[in-house]
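**Student:** See query_34.txt below, with compact mmCIF, C-alpha atoms and all ligand atoms.
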```
# COMPACT_ATOMS: atom_id res chain seq x y z
CA MET A 10 0.00 0.00 0.00
CA SER A 11 1.45 3.33 -1.00
CA SER A 12 1.03 6.37 1.21
CA ILE A 13 -1.86 8.73 0.59
CA VAL A 14 -1.15 12.43 0.39
CA ALA A 15 -4.20 14.71 0.76
CA ILE A 16 -4.21 18.26 -0.56
CA VAL A 17 -6.47 20.44 1.58
CA GLY A 18 -7.30 24.12 1.83
CA ARG A 19 -10.08 26.55 1.12
CA PRO A 20 -11.30 27.16 -2.47
CA ASN A 21 -9.18 29.03 -5.00
CA VAL A 22 -5.80 28.67 -3.34
CA GLY A 23 -4.52 26.41 -6.15
CA LYS A 24 -5.02 22.88 -4.82
CA SER A 25 -6.08 21.46 -8.18
CA THR A 26 -3.31 23.27 -10.04
CA PHE A 27 -0.80 21.71 -7.65
CA PHE A 28 -2.49 18.31 -7.98
CA ASN A 29 -2.36 18.50 -11.76
CA ARG A 30 1.32 19.32 -11.62
CA LEU A 31 1.92 16.31 -9.38
CA ILE A 32 0.08 13.78 -11.43
CA LYS A 33 1.15 15.32 -14.74
CA ARG A 34 -2.30 14.80 -16.17
CA ARG A 35 -5.29 17.11 -16.37
CA GLU A 36 -7.62 15.15 -14.17
CA ALA A 37 -8.80 17.68 -11.64
CA ILE A 38 -11.13 20.43 -12.70
CA VAL A 39 -9.53 23.83 -12.42
CA ASP A 40 -12.14 26.52 -12.54
CA SER A 41 -10.66 29.97 -12.96
CA VAL A 42 -13.92 31.67 -12.01
CA SER A 43 -14.98 30.00 -8.78
CA GLY A 44 -11.98 27.80 -8.09
CA VAL A 45 -14.38 25.03 -7.20
CA THR A 46 -13.40 21.45 -7.75
CA ARG A 47 -16.61 19.49 -7.91
CA ASP A 48 -15.29 16.11 -6.95
CA ARG A 49 -12.54 14.52 -5.05
CA HIS A 50 -9.85 13.38 -7.43
CA TYR A 51 -7.33 10.65 -6.94
CA GLY A 52 -4.06 10.25 -8.75
CA LYS A 53 -0.79 8.44 -8.42
CA THR A 54 2.67 9.86 -8.69
CA ASP A 55 6.24 9.15 -7.71
CA TRP A 56 9.14 11.28 -6.62
CA ASN A 57 12.68 10.31 -5.66
CA GLY A 58 11.73 6.68 -6.18
CA LYS A 59 8.80 6.84 -3.75
CA GLU A 60 5.32 6.14 -5.06
CA PHE A 61 2.28 7.72 -3.44
CA SER A 62 -1.37 8.45 -4.09
CA VAL A 63 -2.67 11.99 -4.08
CA ILE A 64 -6.17 13.22 -3.22
CA ASP A 65 -7.34 16.59 -4.48
CA THR A 66 -10.19 17.87 -2.34
CA GLY A 67 -12.72 20.49 -3.26
CA GLY A 68 -16.00 21.97 -2.22
CA TYR A 69 -19.35 21.53 -3.85
CA VAL A 70 -21.34 24.28 -5.47
CA VAL A 71 -23.87 25.44 -2.92
CA GLY A 72 -25.82 28.57 -2.28
CA SER A 73 -25.29 29.43 1.32
CA GLU A 74 -22.00 30.64 2.68
CA ASP A 75 -22.54 28.63 5.86
CA ILE A 76 -23.18 25.36 4.03
CA PHE A 77 -20.17 26.10 1.88
CA GLU A 78 -17.88 26.43 4.89
CA GLU A 79 -19.41 23.35 6.51
CA GLU A 80 -18.77 21.40 3.29
CA ILE A 81 -15.14 22.48 3.22
CA ARG A 82 -14.74 21.47 6.84
CA LYS A 83 -16.18 18.05 6.02
CA GLN A 84 -13.88 17.64 3.04
CA VAL A 85 -10.86 18.55 5.13
CA GLN A 86 -11.87 16.16 7.90
CA LEU A 87 -12.44 13.35 5.40
CA ALA A 88 -9.06 14.01 3.81
CA ILE A 89 -7.39 14.00 7.21
CA ASP A 90 -9.02 10.69 8.07
CA GLU A 91 -8.09 8.86 4.90
CA SER A 92 -4.59 10.19 4.33
CA ASP A 93 -1.14 9.55 5.75
CA ILE A 94 0.33 12.93 4.85
CA ILE A 95 -1.40 16.29 4.46
CA VAL A 96 -0.50 19.24 2.28
CA PHE A 97 -2.28 22.38 3.46
CA VAL A 98 -2.33 24.91 0.62
CA VAL A 99 -2.71 28.63 1.35
CA ASP A 100 -2.54 31.65 -0.92
CA VAL A 101 0.12 34.33 -0.53
CA GLU A 102 -2.05 36.82 -2.45
CA ASP A 103 -4.80 36.65 0.16
CA GLY A 104 -2.71 36.08 3.27
CA ILE A 105 -4.25 34.25 6.22
CA THR A 106 -8.05 34.20 6.03
CA PRO A 107 -10.55 33.14 8.71
CA MET A 108 -11.14 29.88 6.86
CA ASP A 109 -7.39 29.19 6.79
CA LYS A 110 -7.41 29.57 10.55
CA GLU A 111 -10.27 27.08 10.83
CA VAL A 112 -8.43 24.53 8.71
CA ALA A 113 -5.28 25.10 10.77
CA GLN A 114 -7.33 24.48 13.90
CA LEU A 115 -8.48 21.10 12.52
CA LEU A 116 -4.94 20.21 11.51
CA ARG A 117 -3.40 21.05 14.87
CA GLN A 118 -5.20 18.03 16.30
CA VAL A 119 -3.76 15.67 13.69
CA ASP A 120 -0.82 13.44 14.41
CA LYS A 121 0.36 13.06 10.81
CA PRO A 122 3.01 14.87 8.79
CA ILE A 123 1.61 18.22 7.64
CA PHE A 124 3.22 20.38 4.98
CA ILE A 125 2.12 23.97 4.49
CA ALA A 126 2.39 25.04 0.87
CA VAL A 127 2.22 28.81 0.48
CA ASN A 128 1.11 28.93 -3.14
CA LYS A 129 1.22 31.67 -5.80
CA VAL A 130 4.75 32.64 -4.82
CA ASP A 131 5.43 33.19 -8.52
CA ASN A 132 8.45 35.41 -8.00
CA ALA A 133 11.10 36.20 -5.41
CA MET A 134 9.34 39.39 -4.39
CA ARG A 135 6.53 37.34 -2.89
CA VAL A 136 8.78 35.18 -0.71
CA GLY A 137 8.80 37.79 2.05
CA ASP A 138 5.01 38.02 2.00
CA ALA A 139 4.83 34.36 3.00
CA VAL A 140 6.32 34.98 6.45
CA GLU A 141 2.91 35.69 7.97
CA PHE A 142 1.95 32.04 7.54
CA TYR A 143 4.08 31.20 10.56
CA ASN A 144 1.11 32.63 12.44
CA LEU A 145 -0.98 29.60 11.46
CA GLY A 146 0.84 27.90 14.31
CA LEU A 147 1.79 24.82 12.30
CA GLY A 148 5.50 25.50 12.01
CA ASP A 149 7.57 26.02 8.89
CA TYR A 150 6.16 26.29 5.38
CA HIS A 151 7.23 25.81 1.77
CA THR A 152 6.74 28.56 -0.79
CA ILE A 153 5.61 27.27 -4.16
CA SER A 154 4.16 28.39 -7.45
CA SER A 155 1.90 25.69 -8.80
CA ILE A 156 1.68 27.61 -12.04
CA ASN A 157 5.38 27.91 -12.84
CA GLY A 158 6.61 25.06 -10.66
CA SER A 159 9.07 26.97 -8.53
CA GLY A 160 9.53 25.48 -5.08
CA THR A 161 7.46 22.41 -5.89
CA GLY A 162 10.57 20.21 -6.21
CA ASP A 163 11.75 21.10 -2.70
CA LEU A 164 8.27 20.47 -1.31
CA LEU A 165 8.12 17.09 -3.06
CA ASP A 166 11.55 16.20 -1.69
CA ALA A 167 10.19 16.81 1.82
CA ILE A 168 6.98 14.89 1.14
CA ALA A 169 8.87 11.93 -0.35
CA GLU A 170 11.02 11.86 2.77
CA ALA A 171 7.85 11.44 4.87
CA VAL A 172 6.31 8.76 2.59
P1 LIG A 201 -8.51 25.22 -5.91
O1 LIG A 201 -9.89 25.75 -5.79
O2 LIG A 201 -7.79 25.35 -4.59
O3 LIG A 201 -8.44 23.85 -6.47
O4 LIG A 201 -7.73 26.22 -6.88
P2 LIG A 201 -7.41 26.04 -8.47
O5 LIG A 201 -6.29 25.10 -8.68
O6 LIG A 201 -8.69 25.77 -9.15
O7 LIG A 201 -6.86 27.49 -8.80
C1 LIG A 201 -7.60 28.66 -8.53
C2 LIG A 201 -7.03 29.82 -9.34
O8 LIG A 201 -5.70 30.13 -8.88
C3 LIG A 201 -6.89 29.51 -10.82
O9 LIG A 201 -7.19 30.69 -11.55
C4 LIG A 201 -5.41 29.16 -10.97
O10 LIG A 201 -4.92 29.41 -12.25
C5 LIG A 201 -4.79 30.10 -9.96
N1 LIG A 201 -3.49 29.60 -9.46
C6 LIG A 201 -3.19 28.35 -9.02
N2 LIG A 201 -1.88 28.25 -8.69
C7 LIG A 201 -1.33 29.46 -8.91
C8 LIG A 201 0.01 29.99 -8.76
O11 LIG A 201 0.96 29.32 -8.36
N3 LIG A 201 0.17 31.31 -9.07
C9 LIG A 201 -0.85 32.08 -9.52
N4 LIG A 201 -0.57 33.36 -9.80
N5 LIG A 201 -2.11 31.62 -9.69
C10 LIG A 201 -2.35 30.32 -9.39
MG MG A 202 -9.85 22.55 -6.96
```
Would you mind giving the structure from this file in structure tokens?
**Tutor:**
Amino acid sequence: MSSIVAIVGRPNVGKSTFFNRLIKRREAIVDSVSGVTRDRHYGKTDWNGKEFSVIDTGGYVVGSEDIFEEEIRKQVQLAIDESDIIVFVVDVEDGITPMDKEVAQLLRQVDKPIFIAVNKVDNAMRVGDAVEFYNLGLGDYHTISSINGSGTGDLLDAIAEAV
């Protein structure tokens, strides 16, 4: 059985873009308007000779803001339960949002390796902006750009080490 890596985080932070980069196939639905992935997607990948499965989580399209948040919470909890390793994706453009804090709260209770991926760090100027994510209280983070790939190799090195 290969390890399962779950990608969690609120909508629009770039989970599916990262997932697509990992599995090198366009399986997840990336929606540039809403950022909503309508299903959970599973893929397999390998890095540094380690093979692992990856789950891309998303929310469902719903009307109410409250239901929406509840749905995200459920998705995150499900991902936590069925994975061995968690990648928590946040967005350097938005900084820490209330929903990020809620996800961090859920993750603090988890006894599994957790990697924070500060996404959309497309250029060196944004590296400094990522510092605030220490305030999530989950320790160190990796800066990545899922669009241009920078930093993703280092993050995968760390993940593969934990697999
Ligand atoms: P998800 O809802 O978390 O799965 O987010 P998506 O992968 O659907 O991406 C949401 C939006 O963010 C899309 O418009 C992506 O093109 C954009 N995006 C994802 N990764 C990056 C990145 O590294 N840099 C920038 N600038 N935009 C990104
Ligand atoms: Mg998605």
**Student:** What is the atom C4 of ligand LIG 201 (chain A) to CA of Val22 in chain A distance in Å?
**Tutor:** 7.7 Å
**Student:** Using all atoms listed in the file, which of the listed residues (A:Asn132, A:Ser62, A:Gln86, A:Ser154) sits closest to ligand LIG 201 (chain A)?
**Tutor:**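 With all atoms listed in the file as the atom set, the closest residue is A:Ser154.
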**Student:** If we count only C-alpha atoms and set the cut-off at 7 Å, which residues sit around Lys129 in chain A, ignoring sequence neighbours fewer than 3 positions away in its own chain? Please answer as a VMD selection string.
**Tutor:** chain A and resid 100 to 102 153 to 155
**Student:** Next, the residues of the selection above should be written as a compact mmCIF listing (two decimals), in the coordinates of the input with C-alpha atoms.
**Tutor:**
```txt
# COMPACT_ATOMS: atom_id res chain seq x y z
CA ASP A 100 -2.54 31.65 -0.92
CA VAL A 101 0.12 34.33 -0.53
CA GLU A 102 -2.05 36.82 -2.45
CA ILE A 153 5.61 27.27 -4.16
CA SER A 154 4.16 28.39 -7.45
CA SER A 155 1.90 25.69 -8.80
```
**Student:** May I ask which of the residues A:Met134, A:Met10, A:Ile81, A:Ala167 is the closest one to Glu111 in chain A, counting only C-alpha atoms?
**Tutor:**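 Ranking A:Met134, A:Met10, A:Ile81, A:Ala167 by distance to Glu111 in chain A, first place goes to A:Ile81.
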**Student:** Determine, counting only C-alpha atoms, which protein, DNA and RNA residues have an atom within 9 Å of an atom of Phe97 in chain A; residues of the same chain fewer than 6 positions away are not included. Present the result as a list in words.
**Tutor:**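 My reading of the contact set: Ala15, Ile16, Val17, Gly18, Lys24, Val112, Ala113, Leu116, Ile123, Phe124, Ile125, Ala126 and Val127 of chain A.
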**Student:** Write the selection just made, keeping C-alpha atoms, as a compact mmCIF listing (two decimals), in the coordinates of the input?
**Tutor:**
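As a result, result_35.txt now contains:
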```
# COMPACT_ATOMS: atom_id res chain seq x y z
CA ALA A 15 -4.20 14.71 0.76
CA ILE A 16 -4.21 18.26 -0.56
CA VAL A 17 -6.47 20.44 1.58
CA GLY A 18 -7.30 24.12 1.83
CA LYS A 24 -5.02 22.88 -4.82
CA VAL A 112 -8.43 24.53 8.71
CA ALA A 113 -5.28 25.10 10.77
CA LEU A 116 -4.94 20.21 11.51
CA ILE A 123 1.61 18.22 7.64
CA PHE A 124 3.22 20.38 4.98
CA ILE A 125 2.12 23.97 4.49
CA ALA A 126 2.39 25.04 0.87
CA VAL A 127 2.22 28.81 0.48
```
**Student:** Which one of A:Gln84, A:Thr106, A:Ser92, A:Thr54 sits closest to Val14 in chain A if you count all atoms listed in the file?
**Tutor:**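 Under the stated criterion, the closest residue is A:Ser92.
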**Student:** Under the rule that all atoms listed in the file are counted, which of A:Val98, A:Asp149, A:Ile89, A:Asp103 is the nearest residue to ligand LIG 201 (chain A)?
**Tutor:**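 Closest residue, counting all atoms listed in the file: A:Val98.
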**Student:** To one decimal place, how far is CA of Ile168 in chain A from CA of Glu78 in chain A in Å?
**Tutor:** 27.7 Å
**Student:** From the options A:Gln118, A:Ser12, A:Thr152, A:Ser25, which residue's atoms come nearest to Glu91 in chain A, counting only C-alpha atoms?
**Tutor:**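 Nearest candidate to Glu91 in chain A out of A:Gln118, A:Ser12, A:Thr152, A:Ser25: A:Ser12.
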**Student:** Of the candidates A:Trp56, A:Tyr51, A:Phe142, A:Phe61, which shows the shortest atom-to-atom distance to Thr161 in chain A, using all atoms listed in the file?
**Tutor:**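 For Thr161 in chain A, the nearest of the given residues is A:Trp56.
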**Student:** How many Å lie between CA of Gly52 in chain A and atom O11 of ligand LIG 201 (chain A), rounded to one decimal?
**Tutor:**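 A separation of 19.7 Å between them.
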**Student:** Any idea what's packed within 10 Å of Ile105 in chain A, counting all atoms listed in the file, ignoring anything in its chain fewer than 6 positions away? Could you give it as a PDB file with C-alpha atoms, in the coordinates of the input?
**Tutor:**
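Output saved as out21.pdb:
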```pdb
ATOM      1  CA  VAL A  99      -2.710  28.630   1.350  1.00  0.00           C
ATOM      2  CA  ALA A 139       4.830  34.360   3.000  1.00  0.00           C
ATOM      3  CA  GLU A 141       2.910  35.690   7.970  1.00  0.00           C
ATOM      4  CA  PHE A 142       1.950  32.040   7.540  1.00  0.00           C
ATOM      5  CA  TYR A 143       4.080  31.200  10.560  1.00  0.00           C
ATOM      6  CA  ASN A 144       1.110  32.630  12.440  1.00  0.00           C
ATOM      7  CA  LEU A 145      -0.980  29.600  11.460  1.00  0.00           C
TER       8      LEU A 145
END
```
